[in-house]
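**Q** This one is my_file.txt, compact mmCIF, C-alpha atoms (C1' of nucleotides).
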```
# COMPACT_ATOMS: atom_id res chain seq x y z
CA MET A 150 -21.31 -93.12 -18.15
CA VAL A 151 -23.53 -94.27 -15.33
CA ARG A 152 -21.24 -96.54 -13.41
CA GLY A 153 -17.61 -96.83 -12.48
CA VAL A 154 -14.64 -94.58 -12.62
CA LYS A 155 -14.57 -91.93 -15.26
CA ARG A 156 -12.48 -93.37 -18.05
CA VAL A 157 -9.91 -91.62 -20.12
CA ALA A 158 -11.53 -90.51 -23.33
CA LEU A 159 -11.42 -93.28 -25.89
CA SER A 160 -9.97 -92.71 -29.33
CA PRO A 161 -9.09 -94.85 -32.35
CA ASP A 162 -5.48 -94.99 -31.16
CA ALA A 163 -6.48 -96.00 -27.65
CA VAL A 164 -8.62 -98.80 -29.05
CA VAL A 165 -5.83 -100.04 -31.31
CA ASP A 166 -3.31 -99.88 -28.46
CA GLU A 167 -5.54 -101.99 -26.25
CA ALA A 168 -6.07 -104.41 -29.13
CA ALA A 169 -2.29 -104.64 -29.51
CA ARG A 170 -1.93 -105.55 -25.84
CA LEU A 171 -4.70 -108.11 -26.24
CA VAL A 172 -3.12 -109.91 -29.20
CA ASP A 173 0.33 -109.82 -27.60
CA GLU A 174 -1.07 -111.40 -24.45
CA GLU A 175 -3.55 -113.85 -25.90
CA GLY A 176 -2.61 -114.34 -29.52
CA TRP A 177 -3.61 -112.92 -32.88
CA GLU A 178 -6.53 -115.29 -33.25
CA ALA A 179 -7.89 -114.30 -29.83
CA LEU A 180 -8.86 -110.87 -31.16
CA HIS A 181 -12.63 -110.73 -30.63
CA LEU A 182 -14.57 -107.50 -30.46
CA GLY A 183 -16.44 -108.58 -27.34
CA ARG A 184 -13.18 -109.39 -25.59
CA LEU A 185 -11.68 -106.05 -26.60
CA ALA A 186 -14.78 -104.08 -25.58
CA ASP A 187 -14.71 -105.72 -22.15
CA ARG A 188 -11.11 -104.64 -21.62
CA LEU A 189 -12.07 -101.09 -22.55
CA GLY A 190 -15.12 -101.07 -20.30
CA ILE A 191 -17.62 -100.55 -23.11
CA LYS A 192 -20.07 -102.65 -25.11
CA THR A 193 -19.16 -104.19 -28.44
CA PRO A 194 -21.15 -101.88 -30.76
CA SER A 195 -19.50 -98.82 -29.21
CA LEU A 196 -16.21 -99.91 -30.77
CA TYR A 197 -17.64 -98.90 -34.13
CA LYS A 198 -17.50 -95.26 -33.04
CA HIS A 199 -13.69 -95.51 -33.20
CA VAL A 200 -12.77 -98.20 -35.72
CA GLY A 201 -14.47 -99.53 -38.79
CA GLY A 202 -14.86 -103.10 -37.65
CA LEU A 203 -12.71 -106.18 -37.31
CA PRO A 204 -10.99 -106.01 -40.72
CA ASP A 205 -10.11 -102.35 -40.14
CA LEU A 206 -8.81 -103.16 -36.66
CA ARG A 207 -6.64 -105.95 -38.03
CA ARG A 208 -5.25 -103.65 -40.67
CA ARG A 209 -4.36 -101.02 -38.06
CA LEU A 210 -2.61 -103.66 -35.97
CA THR A 211 -0.68 -104.77 -39.04
CA LEU A 212 0.45 -101.20 -39.64
CA GLN A 213 1.46 -100.83 -36.00
CA GLY A 214 3.37 -104.11 -36.14
CA LEU A 215 5.21 -103.10 -39.31
CA ALA A 216 6.16 -99.75 -37.78
CA GLY A 217 7.46 -101.47 -34.66
CA PHE A 218 9.41 -103.85 -36.80
CA ARG A 219 11.02 -101.08 -38.79
CA ASP A 220 12.03 -99.33 -35.57
CA ALA A 221 13.38 -102.56 -34.07
CA LEU A 222 15.51 -103.45 -37.11
CA GLY A 223 16.55 -100.01 -38.25
CA ALA A 224 19.80 -99.84 -36.30
CA ALA A 225 21.08 -103.29 -37.29
CA GLU A 226 24.35 -103.27 -39.20
CA SER A 227 24.86 -106.98 -39.75
CA VAL A 228 22.75 -110.04 -40.42
CA ALA A 229 23.49 -111.32 -36.93
CA GLU A 230 22.40 -108.08 -35.28
CA LEU A 231 19.29 -107.96 -37.40
CA GLY A 232 18.52 -111.56 -36.59
CA HIS A 233 18.68 -111.00 -32.86
CA ALA A 234 16.57 -107.85 -33.12
CA TYR A 235 14.06 -109.73 -35.27
CA ARG A 236 13.68 -112.56 -32.78
CA ALA A 237 13.53 -110.15 -29.84
CA PHE A 238 10.66 -108.23 -31.45
CA ALA A 239 8.76 -111.39 -32.29
CA ARG A 240 9.09 -112.62 -28.70
CA ALA A 241 8.17 -109.29 -27.13
CA HIS A 242 5.18 -108.74 -29.44
CA PRO A 243 3.93 -112.09 -30.69
CA GLY A 244 0.52 -110.71 -31.59
CA LEU A 245 1.84 -107.77 -33.58
CA TYR A 246 4.39 -110.07 -35.19
CA ALA A 247 1.61 -112.37 -36.34
CA ALA A 248 -0.22 -109.29 -37.63
CA THR A 249 2.73 -108.35 -39.84
CA ALA A 250 2.73 -111.84 -41.34
CA THR A 251 -0.74 -111.18 -42.76
CA ALA A 252 0.38 -108.03 -44.54
CA ALA A 253 1.76 -109.44 -47.78
CA ALA A 254 -1.53 -110.59 -49.23
CA ARG A 255 -3.03 -107.12 -48.86
CA THR A 256 -0.24 -104.91 -50.18
CA GLN A 257 -1.75 -105.19 -53.65
CA ASP A 258 -4.60 -102.75 -53.12
CA ASP A 259 -3.43 -100.87 -50.03
CA GLU A 260 -0.75 -98.32 -50.68
CA GLU A 261 -0.22 -97.37 -47.04
CA LEU A 262 0.27 -101.02 -46.10
CA ARG A 263 2.66 -101.49 -48.97
CA ALA A 264 4.77 -98.51 -47.89
CA ALA A 265 4.88 -99.76 -44.29
CA ALA A 266 5.92 -103.24 -45.44
CA ASP A 267 8.63 -101.81 -47.67
CA ALA A 268 9.95 -99.72 -44.80
CA ALA A 269 10.03 -102.75 -42.52
CA VAL A 270 12.00 -104.81 -45.06
CA ALA A 271 14.46 -102.02 -45.91
CA PRO A 272 16.89 -102.72 -43.06
CA LEU A 273 17.12 -106.34 -44.15
CA LEU A 274 17.92 -105.40 -47.73
CA ARG A 275 20.54 -103.01 -46.44
CA VAL A 276 22.46 -105.53 -44.33
CA VAL A 277 22.55 -108.08 -47.15
CA GLY A 278 23.81 -105.51 -49.65
CA ASP A 279 20.61 -105.36 -51.73
CA ASP A 280 20.90 -109.02 -52.67
CA VAL A 281 17.26 -110.02 -53.11
CA HIS A 282 17.93 -113.75 -52.95
CA ALA A 283 19.98 -113.38 -49.78
CA ALA A 284 17.28 -111.19 -48.27
CA ARG A 285 14.64 -113.81 -49.01
CA ALA A 286 16.77 -116.57 -47.51
CA VAL A 287 17.45 -114.62 -44.30
CA ARG A 288 13.86 -113.52 -43.96
CA ALA A 289 12.54 -117.03 -44.56
CA ALA A 290 14.91 -118.49 -42.00
CA LEU A 291 14.10 -115.89 -39.36
CA HIS A 292 10.36 -116.02 -39.97
CA GLY A 293 10.34 -119.80 -39.87
CA PHE A 294 12.42 -119.92 -36.71
CA VAL A 295 10.38 -117.49 -34.64
CA THR A 296 7.13 -118.99 -35.92
CA LEU A 297 8.13 -122.52 -34.98
CA GLU A 298 9.54 -121.36 -31.67
CA ARG A 299 6.30 -119.61 -30.78
CA ALA A 300 4.19 -122.56 -31.93
CA GLY A 301 6.16 -124.88 -29.69
CA GLY A 302 7.59 -126.68 -32.67
CA PHE A 303 10.96 -127.32 -31.08
CA GLY A 304 10.04 -130.27 -28.90
CA LEU A 305 13.44 -131.71 -28.16
CA PRO A 306 15.24 -130.45 -25.06
CA ALA A 307 18.24 -128.93 -26.87
CA SER A 308 18.82 -125.22 -26.30
CA VAL A 309 16.76 -123.05 -28.62
CA ASP A 310 19.15 -120.13 -28.17
CA GLU A 311 22.02 -122.26 -29.41
CA SER A 312 19.94 -123.43 -32.37
CA PHE A 313 19.32 -119.80 -33.24
CA ASP A 314 23.01 -118.95 -33.05
CA ARG A 315 23.76 -121.88 -35.32
CA LEU A 316 21.14 -120.65 -37.78
CA LEU A 317 22.64 -117.17 -37.80
CA ARG A 318 26.10 -118.61 -38.39
CA THR A 319 24.77 -120.66 -41.28
CA LEU A 320 23.27 -117.53 -42.79
CA THR A 321 26.51 -115.54 -42.50
CA PRO A 322 29.21 -117.66 -44.08
CA MET B 60 -32.76 -139.19 -50.48
CA VAL B 61 -35.44 -137.27 -52.31
CA ARG B 62 -33.51 -135.46 -54.97
CA GLY B 63 -30.50 -135.93 -57.16
CA VAL B 64 -28.21 -138.75 -58.08
CA LYS B 65 -27.69 -141.47 -55.53
CA ARG B 66 -24.53 -140.55 -53.69
CA VAL B 67 -21.72 -142.81 -52.72
CA ALA B 68 -22.10 -143.73 -49.08
CA LEU B 69 -20.47 -141.14 -46.88
CA SER B 70 -17.93 -142.13 -44.25
CA PRO B 71 -15.56 -140.33 -41.89
CA ASP B 72 -12.75 -140.83 -44.40
CA ALA B 73 -14.83 -139.48 -47.27
CA VAL B 74 -15.69 -136.40 -45.22
CA VAL B 75 -12.05 -135.81 -44.27
CA ASP B 76 -10.92 -136.31 -47.88
CA GLU B 77 -13.40 -133.70 -49.10
CA ALA B 78 -12.28 -131.38 -46.32
CA ALA B 79 -8.68 -131.88 -47.46
CA ARG B 80 -9.63 -130.88 -51.01
CA LEU B 81 -11.48 -127.87 -49.63
CA VAL B 82 -8.54 -126.55 -47.60
CA ASP B 83 -6.09 -127.21 -50.42
CA GLU B 84 -8.28 -125.24 -52.82
CA GLU B 85 -9.47 -122.44 -50.57
CA GLY B 86 -7.11 -122.34 -47.64
CA TRP B 87 -6.97 -123.67 -44.11
CA GLU B 88 -9.00 -120.82 -42.70
CA ALA B 89 -11.75 -121.37 -45.27
CA LEU B 90 -12.76 -124.61 -43.58
CA HIS B 91 -16.40 -124.00 -42.60
CA LEU B 92 -18.82 -126.79 -41.87
CA GLY B 93 -21.53 -125.26 -44.05
CA ARG B 94 -19.12 -124.98 -46.95
CA LEU B 95 -18.00 -128.59 -46.50
CA ALA B 96 -21.56 -129.89 -46.16
CA ASP B 97 -22.52 -128.13 -49.41
CA ARG B 98 -19.69 -129.84 -51.28
CA LEU B 99 -20.87 -133.20 -49.93
CA GLY B 100 -24.51 -132.50 -50.82
CA ILE B 101 -25.75 -132.69 -47.23
CA LYS B 102 -26.77 -130.27 -44.50
CA THR B 103 -24.37 -129.10 -41.83
CA PRO B 104 -25.71 -131.10 -38.87
CA SER B 105 -25.40 -134.34 -40.85
CA LEU B 106 -21.63 -133.97 -40.72
CA TYR B 107 -21.81 -134.85 -37.04
CA LYS B 108 -22.81 -138.40 -38.01
CA HIS B 109 -19.25 -138.86 -39.33
CA VAL B 110 -16.93 -136.52 -37.46
CA GLY B 111 -17.04 -135.05 -34.00
CA GLY B 112 -17.11 -131.41 -34.99
CA LEU B 113 -14.73 -128.77 -36.25
CA PRO B 114 -11.88 -129.43 -33.78
CA ASP B 115 -12.01 -133.16 -34.55
CA LEU B 116 -12.05 -132.44 -38.28
CA ARG B 117 -9.03 -130.17 -37.96
CA ARG B 118 -7.18 -132.81 -36.00
CA ARG B 119 -7.90 -135.43 -38.65
CA LEU B 120 -6.64 -133.09 -41.36
CA THR B 121 -3.49 -132.50 -39.35
CA LEU B 122 -2.93 -136.25 -39.11
CA GLN B 123 -3.51 -136.64 -42.85
CA GLY B 124 -1.11 -133.79 -43.56
CA LEU B 125 1.60 -135.26 -41.35
CA ALA B 126 1.22 -138.65 -43.02
CA GLY B 127 1.47 -137.08 -46.46
CA PHE B 128 4.52 -135.20 -45.34
CA ARG B 129 6.22 -138.31 -44.04
CA ASP B 130 5.54 -140.06 -47.35
CA ALA B 131 6.79 -137.11 -49.37
CA LEU B 132 10.06 -136.76 -47.44
CA GLY B 133 10.77 -140.40 -46.68
CA ALA B 134 12.92 -141.07 -49.73
CA ALA B 135 15.11 -138.00 -49.46
CA GLU B 136 18.81 -138.71 -48.99
CA SER B 137 20.17 -135.17 -48.80
CA VAL B 138 19.14 -131.80 -47.50
CA ALA B 139 18.66 -130.56 -51.05
CA GLU B 140 16.41 -133.47 -52.00
CA LEU B 141 14.43 -133.07 -48.83
CA GLY B 142 14.11 -129.35 -49.41
CA HIS B 143 12.68 -129.79 -52.88
CA ALA B 144 10.27 -132.49 -51.69
CA TYR B 145 9.23 -130.25 -48.79
CA ARG B 146 8.45 -127.31 -51.04
CA ALA B 147 6.69 -129.51 -53.58
CA PHE B 148 4.39 -130.92 -50.91
CA ALA B 149 3.61 -127.49 -49.50
CA ARG B 150 2.73 -126.21 -52.97
CA ALA B 151 0.65 -129.22 -53.92
CA HIS B 152 -1.24 -129.30 -50.61
CA PRO B 153 -1.23 -125.83 -49.09
CA GLY B 154 -4.19 -126.58 -46.87
CA LEU B 155 -2.79 -129.79 -45.46
CA TYR B 156 0.56 -128.08 -45.07
CA ALA B 157 -1.03 -125.36 -42.97
CA ALA B 158 -2.75 -128.09 -40.98
CA THR B 159 0.58 -129.66 -40.07
CA ALA B 160 1.83 -126.31 -38.82
CA THR B 161 -0.86 -126.35 -36.13
CA ALA B 162 0.24 -129.74 -34.83
CA ALA B 163 3.02 -128.75 -32.43
CA ALA B 164 0.85 -127.07 -29.84
CA ARG B 165 -1.32 -130.18 -29.50
CA THR B 166 1.30 -132.92 -29.29
CA GLN B 167 1.36 -132.53 -25.51
CA ASP B 168 -1.87 -134.36 -24.80
CA ASP B 169 -2.41 -136.27 -28.05
CA GLU B 170 -0.22 -139.32 -28.39
CA GLU B 171 -1.36 -140.20 -31.93
CA LEU B 172 -0.59 -136.68 -33.10
CA ARG B 173 2.79 -136.78 -31.41
CA ALA B 174 3.69 -140.05 -33.13
CA ALA B 175 2.61 -138.68 -36.52
CA ALA B 176 4.66 -135.51 -35.99
CA ASP B 177 7.72 -137.51 -34.96
CA ALA B 178 7.38 -139.70 -38.06
CA ALA B 179 7.13 -136.63 -40.28
CA VAL B 180 10.29 -135.10 -38.80
CA ALA B 181 12.30 -138.33 -38.88
CA PRO B 182 13.51 -137.98 -42.51
CA LEU B 183 14.83 -134.51 -41.71
CA LEU B 184 16.79 -135.73 -38.70
CA ARG B 185 18.18 -138.52 -40.83
CA VAL B 186 19.56 -136.32 -43.63
CA VAL B 187 21.23 -133.96 -41.15
CA GLY B 188 22.86 -136.81 -39.25
CA ASP B 189 20.77 -136.44 -36.08
CA ASP B 190 22.09 -132.94 -35.46
CA VAL B 191 19.18 -131.28 -33.68
CA HIS B 192 20.42 -127.74 -34.22
CA ALA B 193 20.95 -128.36 -37.91
CA ALA B 194 17.50 -129.95 -38.17
CA ARG B 195 15.92 -126.90 -36.55
CA ALA B 196 17.76 -124.55 -38.87
CA VAL B 197 16.74 -126.46 -42.01
CA ARG B 198 13.17 -126.83 -40.86
CA ALA B 199 12.89 -123.17 -39.94
CA ALA B 200 14.30 -122.08 -43.28
CA LEU B 201 12.03 -124.37 -45.29
CA HIS B 202 8.94 -123.57 -43.27
CA GLY B 203 9.59 -119.87 -43.49
CA PHE B 204 10.24 -120.00 -47.20
CA VAL B 205 7.14 -121.92 -48.23
CA THR B 206 4.99 -119.89 -45.83
CA LEU B 207 6.20 -116.58 -47.22
CA GLU B 208 5.94 -117.86 -50.77
CA ARG B 209 2.35 -118.93 -50.22
CA ALA B 210 1.45 -115.68 -48.47
CA GLY B 211 2.76 -113.69 -51.40
CA GLY B 212 5.57 -112.29 -49.30
CA PHE B 213 8.08 -112.23 -52.12
CA GLY B 214 6.95 -109.12 -53.88
CA LEU B 215 10.00 -108.30 -55.95
CA PRO B 216 10.15 -109.76 -59.45
CA ALA B 217 13.27 -111.87 -58.90
CA SER B 218 12.89 -115.61 -59.51
CA VAL B 219 11.56 -117.44 -56.47
CA ASP B 220 12.99 -120.73 -57.73
CA GLU B 221 16.44 -119.23 -57.79
CA SER B 222 15.97 -117.81 -54.31
CA PHE B 223 15.06 -121.28 -53.11
CA ASP B 224 18.14 -122.81 -54.71
CA ARG B 225 20.25 -120.17 -53.03
CA LEU B 226 18.65 -120.98 -49.70
CA LEU B 227 19.35 -124.68 -50.13
CA ARG B 228 22.97 -123.95 -51.00
CA THR B 229 23.30 -121.80 -47.90
CA LEU B 230 21.94 -124.65 -45.80
CA THR B 231 24.36 -127.21 -47.26
CA PRO B 232 27.81 -125.71 -46.97
C1' DT C 142 -41.92 -162.40 -46.83
C1' DG C 143 -42.72 -159.29 -43.39
C1' DA C 144 -41.37 -157.06 -38.95
C1' DC C 145 -37.62 -154.88 -36.84
C1' DG C 146 -33.68 -152.10 -35.74
C1' DG C 147 -29.98 -149.13 -36.76
C1' DC C 148 -27.99 -145.75 -39.53
C1' DG C 149 -27.82 -141.45 -41.92
C1' DG C 150 -30.19 -137.97 -43.48
C1' DC C 151 -33.38 -133.94 -42.02
C1' DT C 152 -35.53 -129.61 -39.35
C1' DA C 153 -35.67 -126.74 -35.27
C1' DA C 154 -33.43 -124.32 -31.95
C1' DC C 155 -29.56 -122.17 -29.11
C1' DG C 156 -25.51 -119.37 -28.01
C1' DG C 157 -21.76 -116.64 -29.63
C1' DC C 158 -19.93 -113.78 -33.05
C1' DG C 159 -19.62 -109.34 -36.09
C1' DT C 160 -22.45 -105.77 -37.71
C1' DT C 161 -26.16 -102.13 -38.34
C1' DA C 162 -29.84 -99.02 -36.94
C1' DG C 163 -31.59 -96.00 -34.00
C1' DC C 164 -32.13 -93.87 -29.33
C1' DT C 165 -30.22 -90.93 -25.56
C1' DA C 166 -27.52 -88.22 -22.69
C1' DA C 167 -23.36 -85.51 -21.96
C1' DG C 168 -20.70 -81.74 -23.27
C1' DC C 169 -18.91 -78.19 -26.36
C1' DT C 170 -20.20 -74.09 -29.07
C1' DA C 171 -22.63 -70.14 -30.72
C1' DT D 268 -29.17 -70.84 -22.74
C1' DA D 269 -30.27 -73.50 -27.05
C1' DG D 270 -28.62 -76.54 -30.18
C1' DC D 271 -25.55 -79.72 -32.37
C1' DT D 272 -22.08 -83.19 -32.16
C1' DT D 273 -20.37 -87.14 -30.03
C1' DA D 274 -20.00 -91.47 -27.71
C1' DG D 275 -22.17 -94.40 -25.26
C1' DC D 276 -26.33 -97.75 -25.13
C1' DT D 277 -30.14 -101.49 -26.53
C1' DA D 278 -32.36 -104.19 -30.05
C1' DA D 279 -32.11 -106.86 -33.86
C1' DC D 280 -30.11 -109.52 -37.88
C1' DG D 281 -27.41 -113.09 -40.24
C1' DC D 282 -23.83 -116.47 -40.05
C1' DC D 283 -21.52 -120.12 -37.70
C1' DG D 284 -20.87 -124.34 -34.83
C1' DT D 285 -23.45 -127.40 -32.12
C1' DT D 286 -27.24 -130.32 -30.00
C1' DA D 287 -31.72 -132.59 -29.81
C1' DG D 288 -35.03 -135.05 -31.75
C1' DC D 289 -37.67 -136.88 -35.76
C1' DC D 290 -38.14 -139.91 -39.91
C1' DG D 291 -37.34 -142.93 -43.74
C1' DC D 292 -34.39 -146.27 -46.00
C1' DC D 293 -32.15 -150.70 -45.94
C1' DG D 294 -30.18 -154.96 -44.36
C1' DT D 295 -31.20 -158.81 -41.08
C1' DC D 296 -33.57 -162.45 -39.32
C1' DA D 297 -37.50 -165.34 -37.73
```
Hey, can you dump this file as C-alpha cells for me?

**A**
Amino acid sequence: MVRGVKRVALSPDAVVDEAARLVDEEGWEALHLGRLADRLGIKTPSLYKHVGGLPDLRRRLTLQGLAGFRDALGAAESVAELGHAYRAFARAHPGLYAATATAAARTQDDEELRAAADAAVAPLLRVVGDDVHAARAVRAALHGFVTLERAGGFGLPASVDESFDRLLRTLTP
Amino acid sequence: MVRGVKRVALSPDAVVDEAARLVDEEGWEALHLGRLADRLGIKTPSLYKHVGGLPDLRRRLTLQGLAGFRDALGAAESVAELGHAYRAFARAHPGLYAATATAAARTQDDEELRAAADAAVAPLLRVVGDDVHAARAVRAALHGFVTLERAGGFGLPASVDESFDRLLRTLTP
DNA sequence: TGACGGCGGCTAACGGCGTTAGCTAAGCTA
DNA sequence: TAGCTTAGCTAACGCCGTTAGCCGCCGTCA
C-alpha cells in the first residue's frame, strides 16, 4: 500500500458490490476485470484473492440480482403491482437484471442458483394463482418489454409508460 | 492452395452465410473469427479480405436476420399467425434471431440497418392495425417468450407449446 | 505465348484480455 | 519478538481481434 489513501479492507462482498455498480452503470457486457480492478484501486491479478475469476464473479452477480428481484417482487399482490415492481427493478439495476437473465442455463448443476431463481419466481406464481401457463405469459411479456425498452427497441415517439400500462391491462383481463 | 480439395471461391456473402450457420448452431456469442476461419478452411487474417472485421460481420448478420424475419412474417394476416411465424423463425435461426435483437441500438447512425428494422416490424404493425401500443405489447411478449424458451427459462415440466398458445390467446382478446 | 497485375491466401507481430505463478511486505498471533 | 497468514504486486502465458507485409495463382492483354 505504497501510495494513496488507505483503502477500506477489500473483501469478496466489496468486490461483488463494486462489480454490481459497474454493470448497472456501464452494462453487463462491460464487466472486465481490468475495469473493475481500476475502480477498486488495485491491479487485475489481485482480484483473484477475493473471487475465483470472471465466471465466479458473474455467478455472484447473478445471485445478487436474483435476491434483489425476490425482494423487489415479494410484496406484490396483483399482476399489475408485480409488473410495475419488475420494470422498476430492471430500470434501477439494468446490469443485475441482465445478470439474472443468464441464470436459467446454469440452474442445472448449481443448486444455490436454482434455489435463488425459484425464490425470485415465487411471487409471480403467487399472484397468478399457481397457473404455470399464466406465469410464463406474464414473465415473457415483462421480460420482453424491459429488454426491448433498455435496448432502445421502441423507436416511435409514443409514450412507453402508456404502452406498459396497456400491456399490463392485456395481461389482466 | 497447397493442401486439400480445391475450395469454392470465397466471397463476402459466403463468409457471412457460414457465420450465420455458426451462430445458429453454436449461439450468437460463439462467433469468433478463429472458429469461423476454421470452418472455411482458412486462417483468421484471411477473413479480412472479405469482411471488415468482427463488428462489420455482426452488422451483416443483423441485416441478414432482419431480412429473414421480414420474409418469415410478411404473409401473416393475424396476430396468431404472426406469433407462430415469429417463434418458428426464432427456433430455426436462434443465432440470427439474437443478431436482430442487437439492431435497435445501432439504428441511430446506420440508415441501412434502420430500413431493414422498419421492414421487419412492418408486418407486425399491419396485423395490429397500426396501433403502436398494441404492437409493442405483442412484440415484447413474443420476444420475451422465445428468449426465455431458448435460454431454458421454462424449467417446470408443463407444455411450452400450450403456454405459447395461452399467450397468443391473451394477446388477441 | 509470355509478361503483368490484382486478388486471396499466408506468416509475423501487436495490444488487450483473463489467468497463473511466485515474490514481498504488512499485520496479527503465539 | 518471531513467525505465519494475507493481500497486494510483477512477470509471463495463451487466446483473441487486428494490421502489415509477403507470395503465388490466375486471368488479361500485347

**Q** With range 191-203 of chain A as the partner and 12 Å as the cut-off, tabulate the residues of chain D that qualify, each row holding the nearest pair of atoms and their distance in Å to one decimal, using all atoms listed in the file, sorted by chain and rising number, as JSON lines.

**A**
```
{"residue": "D:DT273", "atom": "C1'", "partner": "A:Lys198", "partner_atom": "CA", "distance": 9.1}
{"residue": "D:DA274", "atom": "C1'", "partner": "A:Lys198", "partner_atom": "CA", "distance": 7.0}
{"residue": "D:DG275", "atom": "C1'", "partner": "A:Ser195", "partner_atom": "CA", "distance": 6.5}
{"residue": "D:DC276", "atom": "C1'", "partner": "A:Lys192", "partner_atom": "CA", "distance": 7.9}
{"residue": "D:DT277", "atom": "C1'", "partner": "A:Pro194", "partner_atom": "CA", "distance": 9.9}
{"residue": "D:DA278", "atom": "C1'", "partner": "A:Pro194", "partner_atom": "CA", "distance": 11.5}
```

**Q** Residues at most 7 Å from range 171-175 of chain B, counting all atoms listed in the file, excluding those fewer than 6 positions away in the same chain, as a list in words?

**A**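 Using all atoms listed in the file, the neighbours found are Leu122, Leu125 and Ala126 of chain B.
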
**Q** Which residues, written as a list in words, have at least one atom at most 10 Å from Glu226 in chain A, with only C-alpha atoms (C1' of nucleotides) counted and residues fewer than 5 positions away on the same chain left out?

**A**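 The contact residues come out as Leu231, Pro272, Leu273, Arg275, Val276 and Val277 of chain A.
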
**Q** So how far away is CA of Pro161 in chain A from CA of Arg240 in chain A, in Å?

**A**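 Separation of CA of Arg240 in chain A and CA of Pro161 in chain A: 25.7 Å.
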
**Q** If we draw a sphere of 12 Å around (5.1, -111.7, -32.1), which residues have at least one atom in it when counting all atoms listed in the file? Please report them as a CSV table (one decimal) with C-alpha atoms, in the frame of the given file.

**A**
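Okay, result_39.csv is ready:
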```csv
chain,number,residue,atom,x,y,z
A,169,ALA,CA,-2.3,-104.6,-29.5
A,170,ARG,CA,-1.9,-105.6,-25.8
A,171,LEU,CA,-4.7,-108.1,-26.2
A,172,VAL,CA,-3.1,-109.9,-29.2
A,173,ASP,CA,0.3,-109.8,-27.6
A,174,GLU,CA,-1.1,-111.4,-24.4
A,175,GLU,CA,-3.6,-113.8,-25.9
A,176,GLY,CA,-2.6,-114.3,-29.5
A,177,TRP,CA,-3.6,-112.9,-32.9
A,210,LEU,CA,-2.6,-103.7,-36.0
A,211,THR,CA,-0.7,-104.8,-39.0
A,214,GLY,CA,3.4,-104.1,-36.1
A,215,LEU,CA,5.2,-103.1,-39.3
A,217,GLY,CA,7.5,-101.5,-34.7
A,218,PHE,CA,9.4,-103.8,-36.8
A,235,TYR,CA,14.1,-109.7,-35.3
A,236,ARG,CA,13.7,-112.6,-32.8
A,237,ALA,CA,13.5,-110.2,-29.8
A,238,PHE,CA,10.7,-108.2,-31.4
A,239,ALA,CA,8.8,-111.4,-32.3
A,240,ARG,CA,9.1,-112.6,-28.7
A,241,ALA,CA,8.2,-109.3,-27.1
A,242,HIS,CA,5.2,-108.7,-29.4
A,243,PRO,CA,3.9,-112.1,-30.7
A,244,GLY,CA,0.5,-110.7,-31.6
A,245,LEU,CA,1.8,-107.8,-33.6
A,246,TYR,CA,4.4,-110.1,-35.2
A,247,ALA,CA,1.6,-112.4,-36.3
A,248,ALA,CA,-0.2,-109.3,-37.6
A,249,THR,CA,2.7,-108.4,-39.8
A,250,ALA,CA,2.7,-111.8,-41.3
A,292,HIS,CA,10.4,-116.0,-40.0
A,294,PHE,CA,12.4,-119.9,-36.7
A,295,VAL,CA,10.4,-117.5,-34.6
A,296,THR,CA,7.1,-119.0,-35.9
A,297,LEU,CA,8.1,-122.5,-35.0
A,298,GLU,CA,9.5,-121.4,-31.7
A,299,ARG,CA,6.3,-119.6,-30.8
A,300,ALA,CA,4.2,-122.6,-31.9
```

**Q** Give me, as a PyMOL selection string, all polymer residues having an atom no more than 9 Å from range 144-158 of chain C, counting all atoms listed in the file and skipping those fewer than 4 positions away in the same chain.

**A** (chain A and resi 181-183) or (chain B and resi 60+69+101-102+104-105+108) or (chain D and resi 282-283+285-287+289-291+295-296)

**Q** CA of Arg98 in chain B to CA of Pro114 in chain B: how many Å, to one decimal?

**A**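 So the answer is 19.2 Å.
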
**Q** Go through chain B residue by residue and, counting all atoms listed in the file, keep those with an atom at most 9 Å from chain A; for each kept residue give the shortest atom pair and its distance in Å to one decimal, ordered by chain and increasing number, as a tab-separated table.

**A**
```
residue	atom	partner	partner_atom	distance
B:Ala160	CA	A:Ala300	CA	8.2
B:Thr161	CA	A:Ala300	CA	7.6
B:Ala162	CA	A:Gly302	CA	8.2
B:Ala163	CA	A:Gly302	CA	5.0
B:Ala164	CA	A:Gly301	CA	5.7
B:Val191	CA	A:Ala307	CA	7.3
B:His192	CA	A:Ser312	CA	4.7
B:Ala193	CA	A:Ser312	CA	7.5
B:Arg195	CA	A:Ser312	CA	6.8
B:Ala196	CA	A:Leu316	CA	5.3
B:Val197	CA	A:Ala290	CA	8.2
B:Arg198	CA	A:Gly293	CA	7.6
B:Ala199	CA	A:Gly293	CA	4.2
B:Ala200	CA	A:Ala290	CA	3.9
B:Leu201	CA	A:Gly293	CA	7.3
B:His202	CA	A:Gly293	CA	5.3
B:Gly203	CA	A:Gly293	CA	3.7
B:Phe204	CA	A:Ala289	CA	4.6
B:Val205	CA	A:Ala289	CA	8.2
B:Thr206	CA	A:Gly293	CA	8.0
B:Leu207	CA	A:Ala289	CA	6.9
B:Ala210	CA	A:Ala254	CA	5.9
B:Gly211	CA	A:Ala253	CA	5.7
B:Gly212	CA	A:Ala253	CA	5.0
B:Phe213	CA	A:Arg285	CA	7.4
B:Gly214	CA	A:Ala253	CA	8.0
B:Leu215	CA	A:Val281	CA	8.0
B:Ala217	CA	A:Val281	CA	7.3
B:Ser218	CA	A:His282	CA	8.5
B:Val219	CA	A:His282	CA	8.2
B:Glu221	CA	A:His282	CA	7.5
B:Ser222	CA	A:His282	CA	4.7
B:Phe223	CA	A:Ala286	CA	7.5
B:Arg225	CA	A:His282	CA	6.8
B:Leu226	CA	A:Ala286	CA	5.3
B:Leu227	CA	A:Ala286	CA	8.9
B:Thr229	CA	A:Leu320	CA	6.7
B:Leu230	CA	A:Thr319	CA	6.7
B:Thr231	CA	A:Thr319	CA	8.9
B:Pro232	CA	A:Thr319	CA	8.2
```

**Q** Per residue of chain C within 10 Å of chain A, note the shortest atom pair and the distance in Å to one decimal, counting all atoms listed in the file, and order the rows by chain and increasing residue number, as a Markdown table.

**A**
```
| residue | atom | partner | partner_atom | distance |
| --- | --- | --- | --- | --- |
| C:DG157 | C1' | A:Gly183 | CA | 9.9 |
| C:DC158 | C1' | A:His181 | CA | 8.3 |
| C:DG159 | C1' | A:Leu203 | CA | 7.7 |
| C:DT160 | C1' | A:Gly202 | CA | 8.0 |
| C:DT161 | C1' | A:Pro194 | CA | 9.1 |
| C:DA166 | C1' | A:Met150 | CA | 9.1 |
| C:DA167 | C1' | A:Met150 | CA | 8.8 |
```
